[in-house]
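Dropping my_file_34.pdb in here (PDB, C-alpha atoms and all ligand atoms):
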```pdb
MODEL        1
ATOM      1  CA  MET X 262     103.790 112.880 102.195  1.00  0.00           C
ATOM      2  CA  PRO X 263     105.896 109.993 103.610  1.00  0.00           C
ATOM      3  CA  ARG X 264     108.891 110.970 105.680  1.00  0.00           C
ATOM      4  CA  ASP X 265     112.476 110.122 104.835  1.00  0.00           C
ATOM      5  CA  ASN X 266     113.329 107.750 107.647  1.00  0.00           C
ATOM      6  CA  VAL X 267     114.461 104.191 106.945  1.00  0.00           C
ATOM      7  CA  ILE X 268     112.681 101.700 109.207  1.00  0.00           C
ATOM      8  CA  LEU X 269     113.965  98.144 109.672  1.00  0.00           C
ATOM      9  CA  ILE X 270     111.459  95.494 110.682  1.00  0.00           C
ATOM     10  CA  GLY X 271     111.616  91.729 111.052  1.00  0.00           C
ATOM     11  CA  PHE X 272     111.590  88.817 113.459  1.00  0.00           C
ATOM     12  CA  MET X 273     113.976  88.504 116.392  1.00  0.00           C
ATOM     13  CA  GLY X 274     117.453  87.591 115.184  1.00  0.00           C
ATOM     14  CA  ALA X 275     117.112  89.357 111.832  1.00  0.00           C
ATOM     15  CA  GLY X 276     119.926  91.765 112.726  1.00  0.00           C
ATOM     16  CA  LYS X 277     117.823  94.935 112.734  1.00  0.00           C
ATOM     17  CA  SER X 278     120.008  96.638 115.338  1.00  0.00           C
ATOM     18  CA  VAL X 279     123.409  95.762 113.973  1.00  0.00           C
ATOM     19  CA  CYS X 280     122.418  96.391 110.342  1.00  0.00           C
ATOM     20  CA  GLY X 281     120.604  99.580 111.303  1.00  0.00           C
ATOM     21  CA  ARG X 282     123.621 100.952 113.078  1.00  0.00           C
ATOM     22  CA  MET X 283     125.869 100.196 110.123  1.00  0.00           C
ATOM     23  CA  LEU X 284     123.350 101.537 107.631  1.00  0.00           C
ATOM     24  CA  ALA X 285     123.070 104.775 109.574  1.00  0.00           C
ATOM     25  CA  ARG X 286     126.845 105.143 109.503  1.00  0.00           C
ATOM     26  CA  ARG X 287     126.964 104.566 105.754  1.00  0.00           C
ATOM     27  CA  LEU X 288     124.148 107.040 105.131  1.00  0.00           C
ATOM     28  CA  GLN X 289     125.526 109.473 107.721  1.00  0.00           C
ATOM     29  CA  ARG X 290     122.256 109.489 109.538  1.00  0.00           C
ATOM     30  CA  CYS X 291     121.204 109.192 113.156  1.00  0.00           C
ATOM     31  CA  PHE X 292     120.250 105.754 114.427  1.00  0.00           C
ATOM     32  CA  VAL X 293     117.490 105.014 116.897  1.00  0.00           C
ATOM     33  CA  GLU X 294     116.083 101.769 118.266  1.00  0.00           C
ATOM     34  CA  THR X 295     112.562 101.469 119.613  1.00  0.00           C
ATOM     35  CA  ASP X 296     113.711  99.032 122.305  1.00  0.00           C
ATOM     36  CA  ASP X 297     116.241 101.595 123.547  1.00  0.00           C
ATOM     37  CA  MET X 298     113.592 104.330 123.570  1.00  0.00           C
ATOM     38  CA  ILE X 299     111.380 102.101 125.705  1.00  0.00           C
ATOM     39  CA  VAL X 300     114.161 101.096 128.093  1.00  0.00           C
ATOM     40  CA  SER X 301     115.243 104.668 128.695  1.00  0.00           C
ATOM     41  CA  ARG X 302     111.691 105.931 129.168  1.00  0.00           C
ATOM     42  CA  ALA X 303     110.714 103.088 131.487  1.00  0.00           C
ATOM     43  CA  GLY X 304     114.061 102.998 133.292  1.00  0.00           C
ATOM     44  CA  ARG X 305     113.896  99.199 133.181  1.00  0.00           C
ATOM     45  CA  ALA X 306     115.237  96.408 130.999  1.00  0.00           C
ATOM     46  CA  ILE X 307     112.830  94.740 128.562  1.00  0.00           C
ATOM     47  CA  PRO X 308     112.737  91.369 130.367  1.00  0.00           C
ATOM     48  CA  ASP X 309     111.835  93.255 133.573  1.00  0.00           C
ATOM     49  CA  ILE X 310     108.989  95.105 131.834  1.00  0.00           C
ATOM     50  CA  PHE X 311     107.630  91.796 130.539  1.00  0.00           C
ATOM     51  CA  ARG X 312     107.988  90.095 133.922  1.00  0.00           C
ATOM     52  CA  GLN X 313     106.588  92.909 136.040  1.00  0.00           C
ATOM     53  CA  ASP X 314     103.891  94.383 133.771  1.00  0.00           C
ATOM     54  CA  GLY X 315     103.264  91.760 131.081  1.00  0.00           C
ATOM     55  CA  GLU X 316     103.397  91.734 127.303  1.00  0.00           C
ATOM     56  CA  GLU X 317     100.402  94.020 126.770  1.00  0.00           C
ATOM     57  CA  ALA X 318     102.035  96.783 128.786  1.00  0.00           C
ATOM     58  CA  PHE X 319     105.172  96.436 126.675  1.00  0.00           C
ATOM     59  CA  ARG X 320     103.114  96.644 123.471  1.00  0.00           C
ATOM     60  CA  GLY X 321     101.573  99.857 124.807  1.00  0.00           C
ATOM     61  CA  LEU X 322     105.056 101.290 125.327  1.00  0.00           C
ATOM     62  CA  GLU X 323     105.861 100.320 121.741  1.00  0.00           C
ATOM     63  CA  GLY X 324     102.811 102.322 120.652  1.00  0.00           C
ATOM     64  CA  ASP X 325     104.166 105.332 122.554  1.00  0.00           C
ATOM     65  CA  ALA X 326     107.527 104.876 120.824  1.00  0.00           C
ATOM     66  CA  VAL X 327     105.846 104.906 117.401  1.00  0.00           C
ATOM     67  CA  GLU X 328     104.115 108.160 118.367  1.00  0.00           C
ATOM     68  CA  ALA X 329     107.452 109.666 119.418  1.00  0.00           C
ATOM     69  CA  LEU X 330     108.991 108.607 116.097  1.00  0.00           C
ATOM     70  CA  ARG X 331     106.604 110.906 114.275  1.00  0.00           C
ATOM     71  CA  LEU X 332     108.942 113.734 115.294  1.00  0.00           C
ATOM     72  CA  LYS X 333     111.913 112.158 113.541  1.00  0.00           C
ATOM     73  CA  SER X 334     113.110 112.598 110.011  1.00  0.00           C
ATOM     74  CA  GLY X 335     116.263 111.430 108.284  1.00  0.00           C
ATOM     75  CA  HIS X 336     116.833 108.649 110.811  1.00  0.00           C
ATOM     76  CA  VAL X 337     117.513 104.958 110.527  1.00  0.00           C
ATOM     77  CA  ILE X 338     115.112 103.239 112.919  1.00  0.00           C
ATOM     78  CA  ALA X 339     115.374  99.636 114.167  1.00  0.00           C
ATOM     79  CA  THR X 340     112.132  98.291 115.600  1.00  0.00           C
ATOM     80  CA  GLY X 341     111.499  95.457 118.057  1.00  0.00           C
ATOM     81  CA  GLY X 342     110.357  92.258 116.347  1.00  0.00           C
ATOM     82  CA  GLY X 343     106.770  92.504 117.595  1.00  0.00           C
ATOM     83  CA  LEU X 344     106.265  96.240 117.154  1.00  0.00           C
ATOM     84  CA  PRO X 345     104.745  96.143 113.648  1.00  0.00           C
ATOM     85  CA  CYS X 346     102.384  93.300 114.537  1.00  0.00           C
ATOM     86  CA  ARG X 347      99.348  95.160 115.842  1.00  0.00           C
ATOM     87  CA  ALA X 348      96.496  96.820 113.994  1.00  0.00           C
ATOM     88  CA  GLY X 349      97.549 100.143 112.514  1.00  0.00           C
ATOM     89  CA  ARG X 350     101.246  99.786 113.258  1.00  0.00           C
ATOM     90  CA  MET X 351     102.429  99.034 109.733  1.00  0.00           C
ATOM     91  CA  GLU X 352     100.445 101.976 108.423  1.00  0.00           C
ATOM     92  CA  ALA X 353     102.073 104.207 111.041  1.00  0.00           C
ATOM     93  CA  LEU X 354     105.562 102.917 110.179  1.00  0.00           C
ATOM     94  CA  ARG X 355     104.992 103.357 106.451  1.00  0.00           C
ATOM     95  CA  GLU X 356     104.122 106.984 107.087  1.00  0.00           C
ATOM     96  CA  LEU X 357     107.509 107.487 108.725  1.00  0.00           C
ATOM     97  CA  GLY X 358     109.502 106.543 105.627  1.00  0.00           C
ATOM     98  CA  THR X 359     110.737 103.496 103.736  1.00  0.00           C
ATOM     99  CA  VAL X 360     110.013 100.289 105.618  1.00  0.00           C
ATOM    100  CA  VAL X 361     112.489  97.451 105.002  1.00  0.00           C
ATOM    101  CA  TRP X 362     111.728  93.875 106.066  1.00  0.00           C
ATOM    102  CA  LEU X 363     114.834  91.846 106.896  1.00  0.00           C
ATOM    103  CA  ARG X 364     113.375  88.425 106.102  1.00  0.00           C
ATOM    104  CA  GLY X 365     114.966  85.135 107.044  1.00  0.00           C
ATOM    105  CA  THR X 366     113.949  81.536 107.551  1.00  0.00           C
ATOM    106  CA  LEU X 367     112.917  80.753 111.094  1.00  0.00           C
ATOM    107  CA  ALA X 368     115.775  78.312 111.689  1.00  0.00           C
ATOM    108  CA  ALA X 369     118.407  80.897 110.751  1.00  0.00           C
ATOM    109  CA  LEU X 370     116.712  83.645 112.744  1.00  0.00           C
ATOM    110  CA  LEU X 371     116.426  81.527 115.866  1.00  0.00           C
ATOM    111  CA  GLU X 372     120.046  80.535 115.697  1.00  0.00           C
ATOM    112  CA  ARG X 373     121.040  84.189 115.758  1.00  0.00           C
ATOM    113  CA  ALA X 374     118.386  85.239 118.274  1.00  0.00           C
ATOM    114  CA  GLY X 375     119.429  82.400 120.572  1.00  0.00           C
ATOM    115  CA  ARG X 376     123.014  83.618 120.621  1.00  0.00           C
ATOM    116  CA  ALA X 377     122.041  87.083 121.869  1.00  0.00           C
ATOM    117  CA  GLY X 378     119.595  85.905 124.589  1.00  0.00           C
ATOM    118  CA  GLY X 379     117.380  88.088 126.808  1.00  0.00           C
ATOM    119  CA  ARG X 380     114.268  87.709 124.635  1.00  0.00           C
ATOM    120  CA  PRO X 381     111.123  87.170 126.662  1.00  0.00           C
ATOM    121  CA  MET X 382     109.050  86.245 123.592  1.00  0.00           C
ATOM    122  CA  LEU X 383     111.193  83.156 123.032  1.00  0.00           C
ATOM    123  CA  GLY X 384     111.514  81.951 126.627  1.00  0.00           C
ATOM    124  CA  GLY X 385     109.044  79.278 127.764  1.00  0.00           C
ATOM    125  CA  ARG X 386     107.594  78.744 124.277  1.00  0.00           C
ATOM    126  CA  THR X 387     107.605  75.461 122.417  1.00  0.00           C
ATOM    127  CA  PRO X 388     109.122  75.339 118.912  1.00  0.00           C
ATOM    128  CA  GLU X 389     105.556  74.993 117.552  1.00  0.00           C
ATOM    129  CA  GLN X 390     104.437  78.139 119.364  1.00  0.00           C
ATOM    130  CA  ILE X 391     107.440  80.072 118.071  1.00  0.00           C
ATOM    131  CA  GLU X 392     106.707  78.893 114.550  1.00  0.00           C
ATOM    132  CA  ALA X 393     103.081  80.014 114.892  1.00  0.00           C
ATOM    133  CA  LEU X 394     104.242  83.420 116.138  1.00  0.00           C
ATOM    134  CA  TYR X 395     106.585  83.731 113.171  1.00  0.00           C
ATOM    135  CA  HIS X 396     103.824  82.939 110.679  1.00  0.00           C
ATOM    136  CA  GLU X 397     101.331  85.316 112.357  1.00  0.00           C
ATOM    137  CA  ARG X 398     103.867  88.081 112.049  1.00  0.00           C
ATOM    138  CA  GLU X 399     104.684  87.514 108.403  1.00  0.00           C
ATOM    139  CA  ALA X 400     101.393  89.096 107.312  1.00  0.00           C
ATOM    140  CA  TYR X 401     102.400  92.322 109.029  1.00  0.00           C
ATOM    141  CA  TYR X 402     106.003  92.335 107.885  1.00  0.00           C
ATOM    142  CA  ALA X 403     104.861  91.694 104.319  1.00  0.00           C
ATOM    143  CA  GLN X 404     103.424  95.204 104.235  1.00  0.00           C
ATOM    144  CA  ALA X 405     106.958  96.635 104.103  1.00  0.00           C
ATOM    145  CA  HIS X 406     107.926  98.702 101.088  1.00  0.00           C
ATOM    146  CA  VAL X 407     110.940  96.503 100.364  1.00  0.00           C
ATOM    147  CA  VAL X 408     112.169  93.062 101.417  1.00  0.00           C
ATOM    148  CA  VAL X 409     115.733  91.825 101.847  1.00  0.00           C
ATOM    149  CA  ASP X 410     116.323  88.072 102.167  1.00  0.00           C
ATOM    150  CA  ILE X 411     119.086  87.734 104.695  1.00  0.00           C
ATOM    151  CA  ASP X 412     119.758  83.971 104.927  1.00  0.00           C
ATOM    152  CA  GLY X 413     123.401  83.244 104.275  1.00  0.00           C
ATOM    153  CA  LEU X 414     124.379  86.902 104.032  1.00  0.00           C
ATOM    154  CA  THR X 415     126.897  88.688 106.216  1.00  0.00           C
ATOM    155  CA  ILE X 416     125.902  91.925 107.918  1.00  0.00           C
ATOM    156  CA  ASP X 417     127.908  93.846 105.309  1.00  0.00           C
ATOM    157  CA  GLN X 418     126.049  92.109 102.506  1.00  0.00           C
ATOM    158  CA  VAL X 419     122.661  92.807 104.091  1.00  0.00           C
ATOM    159  CA  VAL X 420     123.546  96.478 104.457  1.00  0.00           C
ATOM    160  CA  ALA X 421     124.759  96.623 100.848  1.00  0.00           C
ATOM    161  CA  ARG X 422     121.465  95.111  99.656  1.00  0.00           C
ATOM    162  CA  VAL X 423     119.424  97.562 101.690  1.00  0.00           C
ATOM    163  CA  LEU X 424     121.448 100.470 100.320  1.00  0.00           C
ATOM    164  CA  GLY X 425     120.974  99.169  96.783  1.00  0.00           C
ATOM    165  CA  LEU X 426     117.223  98.835  97.218  1.00  0.00           C
ATOM    166  CA  LEU X 427     116.897 102.267  98.761  1.00  0.00           C
ATOM    167  CA  ARG X 428     118.646 103.732  95.756  1.00  0.00           C
ATOM    168  CA  GLU X 429     116.184 102.192  93.313  1.00  0.00           C
ATOM    169  CA  PRO X 430     113.805 104.895  92.145  1.00  0.00           C
ATOM    170  CA  HIS X 431     110.600 103.207  93.331  1.00  0.00           C
ATOM    171  CA  ALA X 432     111.846 102.794  96.897  1.00  0.00           C
ATOM    172  CA  ALA X 433     114.122 105.761  97.245  1.00  0.00           C
ATOM    173  CA  ARG X 434     113.267 108.651  99.426  1.00  0.00           C
ATOM    174  CA  LEU X 435     116.887 109.494 100.128  1.00  0.00           C
TER     175      LEU X 435
HETATM  176  C1  LIG B   1     110.247  91.267 120.771  1.00  0.00           C
HETATM  177  C2  LIG B   1     111.470  91.519 120.167  1.00  0.00           C
HETATM  178  C3  LIG B   1     112.549  92.206 120.865  1.00  0.00           C
HETATM  179  C4  LIG B   1     112.006  93.133 121.949  1.00  0.00           C
HETATM  180  C5  LIG B   1     111.102  92.372 122.861  1.00  0.00           C
HETATM  181  C6  LIG B   1     109.903  91.744 122.124  1.00  0.00           C
HETATM  182  C7  LIG B   1     109.216  90.532 119.988  1.00  0.00           C
HETATM  183  O1  LIG B   1     113.331  92.954 119.939  1.00  0.00           O
HETATM  184  O2  LIG B   1     111.307  94.205 121.385  1.00  0.00           O
HETATM  185  O3  LIG B   1     111.859  91.387 123.502  1.00  0.00           O
HETATM  186  O4  LIG B   1     108.047  90.523 120.392  1.00  0.00           O
HETATM  187  O5  LIG B   1     109.581  89.975 118.928  1.00  0.00           O
HETATM  188  P1  LIG B   1     114.295  92.253 118.843  1.00  0.00           P
HETATM  189  O6  LIG B   1     113.460  91.949 117.637  1.00  0.00           O
HETATM  190  O7  LIG B   1     115.337  93.285 118.574  1.00  0.00           O
HETATM  191  O8  LIG B   1     114.839  91.020 119.465  1.00  0.00           O
ENDMDL
END
```
Could you express the structure from this file as structure tokens?
Ligand code: S3P
Amino acid sequence: MPRDNVILIGFMGAGKSVCGRMLARRLQRCFVETDDMIVSRAGRAIPDIFRQDGEEAFRGLEGDAVEALRLKSGHVIATGGGLPCRAGRMEALRELGTVVWLRGTLAALLERAGRAGGRPMLGGRTPEQIEALYHEREAYYAQAHVVVDIDGLTIDQVVARVLGLLREPHAARL
């Protein structure tokens, strides 16, 4: 029996955190972010974890966060952009509740991701490498229950679309 969490996934810059926080407020639910779980458990910022221990160690911490999420119900959960992109992760997320992919074109996502900064997966990569990463990840994200196309939408509009989709009978577990 799937749980009743709402899980936001998508590439860096998709607005998972800001939309998740607003969505949680609208639904009167608790909000949790996997990146925050990792930072508070590790006692270090994400760029420090990447620099000191490497990407694989960070992905392991993401696996621990997914395990910890199994205890949650009724939450809105924002995931890090790379969290779903390992074997078994999408299955695990789908068991937690309704998985929503905030999908955008790479150009729009990068513009927003670039503004926020502090993203080790973007630093030191060529545009071609970032594009390859984006396409590799699409196959994972595509396993979401529902998709919201975010290009050109404001945060409010994205949240309204997510709420609308969650209320449709086939997606709703609210
Ligand atoms: C990552 C995305 C980041 C964060 C980490 C790695 C990725 O989260 O988890 O820097 O691999 O895409 P956001 O998607 O919130 O930027």
Checklist entry - Could you write out as JSON, numbers by chain the residues that the PyMOL selection byres (((chain X and resi 409-420) around 9) and not hetatm) matches in the shown file? => result {"X": [275, 276, 279, 280, 281, 283, 284, 287, 361, 362, 363, 364, 365, 366, 369, 370, 407, 408, 421, 422, 423, 424, 425, 426]}
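A distance cut-off of 6 Å from ligand LIG 1 (chain B), applied to all atoms listed in the file, picks out the residues Phe272, Met273, Asp296, Gly341, Gly342, Gly343, Arg380, Pro381 and Met382 of chain X.
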Next on the checklist: Selection in question (the file shown): the PyMOL selection byres (((chain X and resi 334-338) around 8) and not hetatm). Which residues does it include, as a list of chain:residue names?
Outcome noted: X:Arg264, X:Asp265, X:Asn266, X:Val267, X:Ile268, X:Leu269, X:Gly281, X:Arg282, X:Leu284, X:Ala285, X:Arg290, X:Cys291, X:Phe292, X:Val293, X:Glu294, X:Thr295, X:Arg331, X:Leu332, X:Lys333, X:Ala339, X:Thr340, X:Leu357
Checklist entry - Taking into account all atoms listed in the file, which residue in the set X:Glu317, X:Asp297, X:Glu429, X:Glu323 is nearest to Arg350 in chain X? => result X:Glu323
Next on the checklist: For this structure, which residues satisfy the selection - the PyMOL selection byres (((chain X and resi 351) around 12) and not hetatm) - when it is evaluated on the file as given? I want them as a ChimeraX atom specification.
Outcome noted: /X:268-271,324,327,340,343-350,352-362,398-406
Next on the checklist: Which residue is closest to Glu392 in chain X? Choose from X:Glu316, X:Leu330, X:Ala368, X:Gly379 and count all atoms listed in the file.
Outcome noted: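 So, comparing all the options, the nearest one is X:Ala368.
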Next on the checklist: Report, in Å with one decimal, the straight-line distance from CA of Pro308 in chain X to CA of Glu389 in chain X.
Outcome noted: 22.0 Å
Next on the checklist: Would you pick out the contacts of Ile310 in chain X at 12 Å or less, using only C-alpha atoms, so that residues sharing its chain but fewer than 2 positions from it are not included, and give the list as a list in words?
Outcome noted: Asp296, Ile299, Val300, Ser301, Arg302, Ala303, Gly304, Arg305, Ala306, Ile307, Pro308, Arg312, Gln313, Asp314, Gly315, Glu316, Glu317, Ala318, Phe319, Arg320, Gly321, Leu322, Glu323, Arg380 and Pro381 of chain X
Next on the checklist: As an exercise, work out the distance from CA of Arg386 in chain X to CA of Lys277 in chain X in Å and give it to one decimal place.
Outcome noted: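 Value for the CA of Arg386 in chain X-CA of Lys277 in chain X distance: 22.4 Å.
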